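J.: Just one file: protein.csv, with CSV, C-alpha atoms.
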chain,number,residue,atom,x,y,z
A,185,MET,CA,-4.9,19.3,1.8
A,186,ASP,CA,-7.7,21.6,3.1
A,187,THR,CA,-6.7,20.6,6.6
A,188,PHE,CA,-3.1,21.5,6.1
A,189,LEU,CA,-4.0,24.9,4.5
A,190,GLY,CA,-6.4,25.6,7.3
A,191,ASP,CA,-3.8,24.9,9.9
A,192,GLU,CA,-1.4,27.4,8.2
A,193,MET,CA,-4.1,30.1,8.1
A,194,LEU,CA,-4.6,29.7,11.8
A,195,VAL,CA,-0.9,30.1,12.7
A,196,GLY,CA,-1.2,33.8,13.1
A,197,GLU,CA,-4.1,33.7,15.5
A,198,LYS,CA,-2.5,30.9,17.5
A,199,ASN,CA,0.8,32.8,17.8
A,200,LYS,CA,-1.1,35.7,19.5
A,201,GLN,CA,-2.5,33.3,22.1
A,202,LYS,CA,0.9,31.7,22.7
A,203,MET,CA,2.3,35.0,23.9
A,204,THR,CA,0.2,34.6,27.1
A,205,GLY,CA,-0.8,31.0,27.7
A,206,ALA,CA,1.5,28.7,25.7
A,207,ALA,CA,4.2,28.5,28.4
A,208,ALA,CA,1.9,26.2,30.5
A,209,ARG,CA,0.5,23.9,27.8
A,210,GLY,CA,2.5,24.1,24.5
A,211,PRO,CA,5.8,22.3,25.4
A,212,ALA,CA,4.0,19.4,27.0
A,213,LYS,CA,1.7,18.5,24.1
A,214,GLN,CA,3.9,18.9,21.0
A,215,PRO,CA,6.6,16.2,21.9
A,216,ALA,CA,3.8,13.7,22.6
A,217,GLN,CA,2.2,14.2,19.2
A,218,PHE,CA,5.7,14.2,17.5
A,219,SER,CA,6.8,10.9,19.1
A,220,ARG,CA,3.4,9.2,18.6
A,221,GLY,CA,3.4,10.0,14.9
A,222,TYR,CA,6.9,9.0,14.2
A,223,LEU,CA,6.7,5.8,16.3
A,224,ALA,CA,3.5,4.8,14.4
A,225,LEU,CA,5.3,5.6,11.1
A,226,GLY,CA,8.4,3.7,12.1
A,227,ALA,CA,6.3,0.6,13.0
A,228,THR,CA,4.5,1.0,9.7
A,229,ILE,CA,7.7,1.1,7.7
A,230,ALA,CA,9.0,-2.0,9.5
A,231,LEU,CA,5.7,-3.9,8.9
A,232,TRP,CA,5.5,-2.8,5.2
A,233,SER,CA,9.0,-4.2,4.6
A,234,LEU,CA,7.6,-7.7,5.2
A,235,PRO,CA,4.6,-8.5,2.9
A,236,SER,CA,6.6,-9.6,-0.1
A,237,LEU,CA,8.8,-11.8,2.1
A,238,PHE,CA,5.8,-13.5,3.6
A,239,GLN,CA,4.1,-14.0,0.3
A,240,TYR,CA,7.3,-15.3,-1.3
A,241,TYR,CA,7.8,-17.9,1.4
A,242,LEU,CA,4.1,-18.9,1.5
A,243,LEU,CA,4.1,-19.6,-2.2
A,244,ARG,CA,5.8,-22.9,-1.3
A,245,PHE,CA,2.6,-24.0,0.4
A,246,TYR,CA,-0.2,-21.7,-0.6
A,247,GLU,CA,-0.7,-21.0,-4.3
A,248,PRO,CA,-1.6,-17.4,-5.2
A,249,TRP,CA,-5.4,-17.8,-5.1
A,250,SER,CA,-5.8,-19.5,-1.7
A,251,GLN,CA,-3.0,-17.4,-0.2
A,252,ASN,CA,-4.8,-14.2,-1.0
A,253,PHE,CA,-8.2,-15.5,-0.1
A,254,TYR,CA,-7.2,-16.6,3.4
A,255,ARG,CA,-4.9,-13.5,4.0
A,256,TYR,CA,-7.7,-11.1,3.1
A,257,SER,CA,-10.3,-13.1,5.0
A,258,VAL,CA,-8.2,-12.9,8.2
A,259,ALA,CA,-7.5,-9.2,7.6
A,260,CYS,CA,-11.3,-8.6,7.3
A,261,LEU,CA,-12.0,-10.4,10.5
A,262,ALA,CA,-9.2,-8.4,12.2
A,263,ILE,CA,-10.4,-5.0,11.1
A,264,LEU,CA,-14.1,-5.6,12.0
A,265,PRO,CA,-13.7,-4.9,15.7
A,266,PHE,CA,-12.1,-1.5,14.9
A,267,ALA,CA,-14.9,-0.7,12.5
A,268,PHE,CA,-17.7,-1.6,15.0
A,269,LEU,CA,-16.0,0.5,17.7
A,270,ARG,CA,-15.8,3.5,15.4
A,271,ARG,CA,-19.4,3.1,14.2
A,272,ARG,CA,-21.4,6.3,14.8
A,273,GLY,CA,-24.6,5.9,16.7
A,274,ARG,CA,-26.8,3.0,15.7
A,275,LYS,CA,-26.1,3.1,12.0
A,276,PRO,CA,-25.6,-0.3,10.4
A,277,MET,CA,-22.0,-1.2,9.6
A,278,PHE,CA,-22.7,-2.6,6.2
A,279,THR,CA,-25.5,-1.3,3.9
A,280,ALA,CA,-26.4,-1.9,0.3
A,281,ARG,CA,-25.1,1.6,-0.6
A,282,SER,CA,-21.7,1.1,1.2
A,283,PHE,CA,-21.3,-2.2,-0.7
A,284,LEU,CA,-22.0,-0.6,-4.0
A,285,LEU,CA,-19.6,2.3,-3.2
A,286,CYS,CA,-16.8,-0.1,-2.3
A,287,LEU,CA,-17.4,-2.7,-5.1
A,288,LEU,CA,-15.6,-0.7,-7.8
A,289,PRO,CA,-12.3,-0.3,-6.0
A,290,ALA,CA,-12.5,-3.9,-4.8
A,291,LEU,CA,-12.3,-5.2,-8.4
A,292,PRO,CA,-8.8,-3.9,-9.2
A,293,ASN,CA,-7.8,-4.9,-5.7
A,294,VAL,CA,-8.5,-8.5,-6.4
A,295,VAL,CA,-6.4,-8.4,-9.6
A,296,HIS,CA,-3.6,-6.7,-7.8
A,297,GLN,CA,-3.5,-9.3,-5.0
A,298,ILE,CA,-3.2,-12.2,-7.5
A,299,ALA,CA,-0.8,-10.4,-9.8
A,300,GLN,CA,1.6,-9.3,-7.1
A,301,THR,CA,1.8,-12.9,-5.8
A,302,VAL,CA,2.4,-14.3,-9.2
A,303,ALA,CA,5.1,-11.7,-9.9
A,304,LEU,CA,7.1,-13.3,-7.0
A,305,LEU,CA,7.4,-16.4,-9.1
A,306,TYR,CA,9.6,-14.4,-11.5
A,307,ILE,CA,11.5,-12.1,-9.2
A,308,GLY,CA,12.6,-11.9,-5.6
A,309,PRO,CA,10.7,-10.2,-2.8
A,310,GLY,CA,13.3,-7.4,-2.5
A,311,VAL,CA,13.2,-6.6,-6.2
A,312,TYR,CA,9.4,-6.5,-6.1
A,313,ALA,CA,9.4,-4.2,-3.0
A,314,VAL,CA,11.6,-1.7,-5.0
A,315,PHE,CA,9.5,-2.1,-8.1
A,316,GLY,CA,6.3,-1.5,-6.1
A,317,ARG,CA,7.3,2.1,-5.4
A,318,THR,CA,6.3,2.9,-9.0
A,319,THR,CA,2.7,3.0,-7.6
A,320,VAL,CA,3.5,6.5,-6.5
A,321,ILE,CA,3.8,7.5,-10.2
A,322,ALA,CA,0.9,5.4,-11.4
A,323,THR,CA,-1.4,6.7,-8.7
A,324,ALA,CA,-0.5,10.3,-9.6
A,325,ILE,CA,-1.3,9.7,-13.3
A,326,LEU,CA,-4.6,8.1,-12.4
A,327,ALA,CA,-5.4,10.9,-10.0
A,328,VAL,CA,-4.9,13.4,-12.8
A,329,ILE,CA,-7.5,11.5,-14.9
A,330,PHE,CA,-10.1,11.1,-12.2
A,331,PHE,CA,-9.7,14.3,-10.1
A,332,PRO,CA,-9.6,17.5,-12.1
A,333,GLU,CA,-8.2,19.5,-9.1
A,334,GLU,CA,-5.0,17.5,-9.3
A,335,ARG,CA,-4.3,17.9,-13.0
A,336,GLY,CA,-1.8,20.6,-12.4
A,337,ILE,CA,0.8,18.1,-11.2
A,338,VAL,CA,1.6,17.0,-14.7
A,339,ARG,CA,3.0,20.4,-15.6
A,340,GLN,CA,5.5,20.3,-12.8
A,341,TRP,CA,9.1,19.4,-13.6
A,342,ARG,CA,9.5,17.2,-10.5
A,343,PHE,CA,6.6,15.0,-11.6
A,344,GLN,CA,7.8,14.8,-15.2
A,345,LEU,CA,11.4,14.0,-14.3
A,346,GLY,CA,10.4,11.7,-11.5
A,347,THR,CA,8.1,9.7,-13.9
A,348,PHE,CA,10.9,9.3,-16.4
A,349,LEU,CA,13.4,8.2,-13.8
A,350,GLY,CA,10.9,5.9,-12.1
A,351,LEU,CA,10.1,4.1,-15.3
A,352,LEU,CA,13.7,3.9,-16.4
A,353,GLY,CA,14.7,2.4,-13.0
A,354,ALA,CA,11.8,0.0,-13.0
A,355,VAL,CA,12.8,-1.5,-16.4
A,356,GLY,CA,16.4,-1.8,-15.2
A,357,VAL,CA,15.5,-3.6,-12.0
A,358,PHE,CA,13.9,-6.3,-14.1
A,359,TRP,CA,16.2,-6.4,-17.2
A,360,PHE,CA,19.4,-6.7,-15.3
A,361,GLN,CA,18.4,-9.5,-12.9
A,362,PRO,CA,20.8,-12.5,-12.7
A,363,GLY,CA,20.2,-15.3,-15.2
A,364,ASN,CA,18.3,-13.1,-17.7
A,365,VAL,CA,19.9,-13.8,-21.2
A,366,HIS,CA,17.2,-13.1,-23.8
A,367,GLY,CA,14.9,-11.0,-21.6
A,368,HIS,CA,11.9,-13.4,-21.9
A,369,VAL,CA,11.5,-14.1,-18.2
A,370,ALA,CA,12.2,-10.5,-17.4
A,371,LEU,CA,9.5,-9.3,-19.8
A,372,ARG,CA,7.0,-11.7,-18.6
A,373,GLY,CA,7.7,-10.8,-15.0
A,374,LEU,CA,7.6,-7.2,-15.8
A,375,LEU,CA,4.2,-7.5,-17.4
A,376,VAL,CA,2.7,-9.3,-14.4
A,377,ALA,CA,4.3,-6.9,-11.9
A,378,SER,CA,3.2,-3.9,-13.9
A,379,THR,CA,-0.3,-5.2,-13.9
A,380,ALA,CA,-0.1,-5.4,-10.1
A,381,VAL,CA,1.2,-1.9,-9.9
A,382,ILE,CA,-1.4,-0.4,-12.2
A,383,CYS,CA,-4.3,-2.2,-10.4
A,384,TRP,CA,-3.0,-1.0,-7.1
A,385,ALA,CA,-2.8,2.5,-8.3
A,386,LEU,CA,-6.3,2.2,-9.7
A,387,TYR,CA,-7.5,0.9,-6.3
A,388,SER,CA,-5.8,3.7,-4.4
A,389,THR,CA,-7.4,6.3,-6.7
A,390,LEU,CA,-10.9,4.8,-6.6
A,391,VAL,CA,-10.8,4.3,-2.8
A,392,LYS,CA,-10.1,8.0,-2.1
A,393,PRO,CA,-13.8,9.2,-2.4
A,394,ARG,CA,-15.1,6.1,-0.6
A,395,ALA,CA,-12.7,6.6,2.4
A,396,MET,CA,-13.7,10.3,2.5
A,397,GLU,CA,-17.4,9.4,2.7
A,398,LEU,CA,-17.4,6.2,4.8
A,399,GLY,CA,-14.2,6.8,6.8
A,400,SER,CA,-11.0,4.9,6.4
A,401,VAL,CA,-11.7,2.1,8.8
A,402,ARG,CA,-15.3,1.4,7.6
A,403,SER,CA,-14.3,1.6,3.9
A,404,PHE,CA,-11.4,-0.8,4.4
A,405,ALA,CA,-13.6,-3.2,6.4
A,406,THR,CA,-16.2,-3.2,3.6
A,407,ILE,CA,-13.6,-3.5,0.8
A,408,SER,CA,-11.8,-6.3,2.6
A,409,LEU,CA,-15.1,-8.2,3.0
A,410,ILE,CA,-16.0,-7.7,-0.7
A,411,THR,CA,-12.5,-8.7,-1.8
A,412,SER,CA,-12.7,-11.9,0.3
A,413,LEU,CA,-16.1,-12.7,-1.2
A,414,LEU,CA,-14.8,-12.2,-4.8
A,415,LEU,CA,-11.7,-14.3,-4.1
A,416,LEU,CA,-13.7,-17.2,-2.7
A,417,PRO,CA,-15.2,-18.5,-6.0
A,418,LEU,CA,-11.9,-17.8,-7.9
A,419,THR,CA,-10.1,-19.9,-5.3
A,420,CYS,CA,-12.6,-22.7,-5.7
A,421,ILE,CA,-12.2,-22.7,-9.5
A,422,PHE,CA,-8.5,-21.9,-10.0
A,423,GLY,CA,-6.9,-22.6,-6.6
A,424,ARG,CA,-7.1,-25.1,-3.8
A,425,ILE,CA,-9.6,-24.0,-1.2
A,426,GLY,CA,-8.6,-26.8,1.2
A,427,THR,CA,-5.0,-25.8,1.4
A,428,PRO,CA,-5.0,-25.1,5.2
A,429,LEU,CA,-5.9,-28.8,5.7
A,430,HIS,CA,-2.8,-30.0,3.9
A,431,VAL,CA,-0.1,-27.7,5.2
A,432,PRO,CA,1.6,-27.7,8.7
A,433,PRO,CA,-0.2,-25.6,11.3
A,434,SER,CA,2.9,-23.4,11.6
A,435,ILE,CA,2.5,-22.3,8.0
A,436,SER,CA,-1.1,-21.3,8.4
A,437,ALA,CA,-0.1,-19.5,11.6
A,438,MET,CA,2.4,-17.6,9.5
A,439,MET,CA,-0.2,-16.7,6.9
A,440,ILE,CA,-2.5,-15.4,9.7
A,441,LEU,CA,0.3,-13.4,11.3
A,442,SER,CA,1.2,-11.8,7.9
A,443,ALA,CA,-2.4,-10.7,7.4
A,444,VAL,CA,-2.8,-9.2,10.8
A,445,LEU,CA,0.5,-7.5,10.9
A,446,CYS,CA,1.0,-6.3,7.3
A,447,ILE,CA,-2.6,-5.5,6.4
A,448,THR,CA,-4.7,-4.7,9.5
A,449,ILE,CA,-2.2,-3.3,12.1
A,450,ALA,CA,0.0,-1.6,9.5
A,451,HIS,CA,-3.0,0.3,8.1
A,452,VAL,CA,-4.2,1.5,11.5
A,453,LEU,CA,-0.7,2.7,12.3
A,454,PHE,CA,-0.3,4.4,9.0
A,455,TYR,CA,-3.5,6.4,9.5
A,456,VAL,CA,-2.3,7.4,12.9
A,457,ALA,CA,1.0,8.6,11.4
A,458,ILE,CA,-0.6,10.7,8.6
A,459,GLN,CA,-2.9,12.3,11.2
A,460,GLU,CA,0.1,13.3,13.4
A,461,ILE,CA,2.8,14.2,10.9
A,462,GLY,CA,1.0,14.7,7.6
A,463,VAL,CA,0.5,12.8,4.4
A,464,ALA,CA,3.5,14.2,2.5
A,465,LEU,CA,6.1,13.3,5.1
A,466,ALA,CA,4.6,9.9,5.9
A,467,GLN,CA,4.3,9.0,2.3
A,468,THR,CA,7.9,10.0,1.6
A,469,LEU,CA,9.4,8.0,4.5
A,470,THR,CA,7.6,4.9,3.3
A,471,LEU,CA,10.2,4.8,0.5
A,472,LEU,CA,12.4,3.3,3.2
A,473,CYS,CA,10.3,0.1,3.0
A,474,PRO,CA,12.2,-1.5,0.1
A,475,LEU,CA,15.5,-1.1,2.0
A,476,GLY,CA,14.2,-3.2,4.8
A,477,ALA,CA,12.8,-5.7,2.3
A,478,LEU,CA,16.1,-6.0,0.4
A,479,GLY,CA,18.1,-6.5,3.6
A,480,LEU,CA,15.8,-9.1,5.0
A,481,SER,CA,15.5,-10.9,1.7
A,482,ALA,CA,19.3,-11.0,1.4
A,483,LEU,CA,19.5,-12.4,4.9
A,484,ILE,CA,16.7,-15.0,4.7
A,485,PHE,CA,16.5,-15.9,1.0
A,486,HIS,CA,20.1,-14.9,-0.1
A,487,GLU,CA,18.7,-12.6,-2.7
A,488,ARG,CA,21.4,-10.5,-4.3
A,489,LEU,CA,21.1,-7.5,-6.7
A,490,THR,CA,23.6,-7.0,-9.5
A,491,SER,CA,25.4,-3.7,-9.7
A,492,ALA,CA,23.1,-2.6,-12.5
A,493,GLN,CA,20.1,-3.5,-10.4
A,494,VAL,CA,21.4,-1.4,-7.5
A,495,VAL,CA,21.9,1.6,-9.8
A,496,SER,CA,18.4,1.0,-11.3
A,497,SER,CA,16.9,0.8,-7.8
A,498,VAL,CA,18.4,4.1,-6.8
A,499,ILE,CA,17.1,5.7,-10.0
A,500,LEU,CA,13.6,4.3,-9.4
A,501,LEU,CA,13.4,5.5,-5.7
A,502,ALA,CA,14.8,8.9,-6.7
A,503,GLY,CA,12.1,9.2,-9.4
A,504,ALA,CA,9.4,8.2,-6.9
A,505,PHE,CA,10.7,10.7,-4.4
A,506,LEU,CA,10.6,13.5,-7.0
A,507,ALA,CA,7.1,12.5,-8.1
A,508,MET,CA,6.0,12.8,-4.4
A,509,ARG,CA,7.3,16.3,-4.1
A,510,VAL,CA,4.6,17.8,-6.4
A,511,LYS,CA,1.9,20.2,-5.2
A,512,PRO,CA,-0.8,19.4,-4.4
A,513,PRO,CA,0.3,16.3,-2.6
A,514,LEU,CA,-0.5,12.9,-4.0
A,515,PRO,CA,-3.4,11.0,-2.5
A,516,ALA,CA,-2.4,8.9,0.5
A,517,ALA,CA,-2.6,5.4,-1.0
A,518,ALA,CA,-3.2,2.4,1.2
A,519,GLU,CA,-0.4,-0.1,0.5
A,520,ASN,CA,0.5,-3.7,0.8
A,521,ILE,CA,-2.9,-5.0,1.4
Can you dump the structure from the file as structure tokens?
T.:
Amino acid sequence: MDTFLGDEMLVGEKNKQKMTGAAARGPAKQPAQFSRGYLALGATIALWSLPSLFQYYLLRFYEPWSQNFYRYSVACLAILPFAFLRRRGRKPMFTARSFLLCLLPALPNVVHQIAQTVALLYIGPGVYAVFGRTTVIATAILAVIFFPEERGIVRQWRFQLGTFLGLLGAVGVFWFQPGNVHGHVALRGLLVASTAVICWALYSTLVKPRAMELGSVRSFATISLITSLLLLPLTCIFGRIGTPLHVPPSISAMMILSAVLCITIAHVLFYVAIQEIGVALAQTLTLLCPLGALGLSALIFHERLTSAQVVSSVILLAGAFLAMRVKPPLPAAAENI
């Protein structure tokens, strides 16, 4: 936010300079920044349409514990080269202090990873992709609690109306799913998916000061390492740690591909996008991700939404859009990891 305000304050001074020297350098630089930012964001949207599809398919071979342990371990190994390249001077990459700083956000991250995968046992990947947009609202509510400077957002009508519409649409997406007669399955799935959303919002909120202090790449490298270490004993106790030895190599290759594309590369591209075109616009355009997920899920898994679910999805996305229009802008939340 300070960066954006600072840029606006400097506009007047820059305009004076443009009167004499902008003809030679201005037109050549701006289109490059524009195209790079939107290309990065377009690639991010495409990649973030895929995670629930990968996880839904992999559930046939990898139960939730082993799936998340191996996906996060691969993502950690993939981000480490970026982290070491961006290391400043001879400072160690991992220290006791950085581990302590990143331990707190890693805890809800572990719960989120398991809960979102379990939620796919109750609902399709397209429905979950739509429901996952409620993280915008949940993150804003938690930001109000943790960051006093952002408490003004609850008094804005866009946030209040957006929260109401988002929650109404989220319930409708679950309640009107095909085959739901008494609501038992829908309520159970709603509880699990809501746990995933709340934990992801908590992670996104807690990771904000860590990313500001350690940097986005270093903080994510540390958190992904801690998450993998926490998932290891849980997988040994509740899951099947030897799953890769008992599934076809092509399935494990798909798991590795999903981790590298949807976690590591997508995050690097998203950070490029927010640097080039800003947090607010980048965050808003990620609302297109569920559309890609719904289309691909219908094509691959033949997932279909009822008319009531379509209406509920539109209401949910409209509520999320309104909630993102508040000032100051919501924290940029890392997603789908």
J.: What is the distance between CA of Arg402 in chain A and CA of Ala267 in chain A, in Å to one decimal?
T.: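 Straight-line distance from CA of Arg402 in chain A to CA of Ala267 in chain A works out to 5.3 Å.
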J.: Can you tell me how far CA of Val391 in chain A sits from CA of Gln300 in chain A, in Å to one decimal?
T.: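 Distance between the two atoms: 18.9 Å.
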J.: With distances taken over all atoms listed in the file, which residue among A:Pro362, A:Pro332, A:Gly373, A:Pro289 lies nearest Ala303 in chain A?
T.: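 With all atoms listed in the file as the atom set, the closest residue is A:Gly373.
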J.: Neighbours of Cys260 in chain A within 10 Å (all atoms listed in the file; same-chain residues fewer than 4 positions away dropped), as a list in words?
T.: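 Once the nearby chain positions are removed, what remains is Tyr254, Arg255, Tyr256, Leu264, Pro265, Phe404, Ala405, Thr406, Ile407, Ser408, Leu409, Ile410, Thr411, Ser412, Ala443, Val444, Ile447 and Thr448 of chain A.
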J.: Dig up all the protein and nucleic acid residues within 10 Å of (18.9, -5.4, -12.5) in the file frame, using all atoms listed in the file, and format them as a ChimeraX atom specification.
T.: /A:311,353-362,364,370,488-497
J.: Compare A:Ala502, A:Ala385, A:Leu304, A:Leu287 by their minimum atom-to-atom distance to Val328 in chain A, counting only C-alpha atoms, and give me the closest one.
T.: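 Among the listed residues, A:Ala385 lies closest to Val328 in chain A.
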J.: Please indicate the distance in Å from CA of Gly426 in chain A to CA of Tyr246 in chain A, rounded to one decimal place.
T.: 10.0 Å
J.: When you count only C-alpha atoms, which of these residues is closest to Val314 in chain A: A:Pro248, A:Pro276, A:Gly350, A:Pro292?
T.: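 Using only C-alpha atoms, Val314 in chain A sits closest to A:Gly350.
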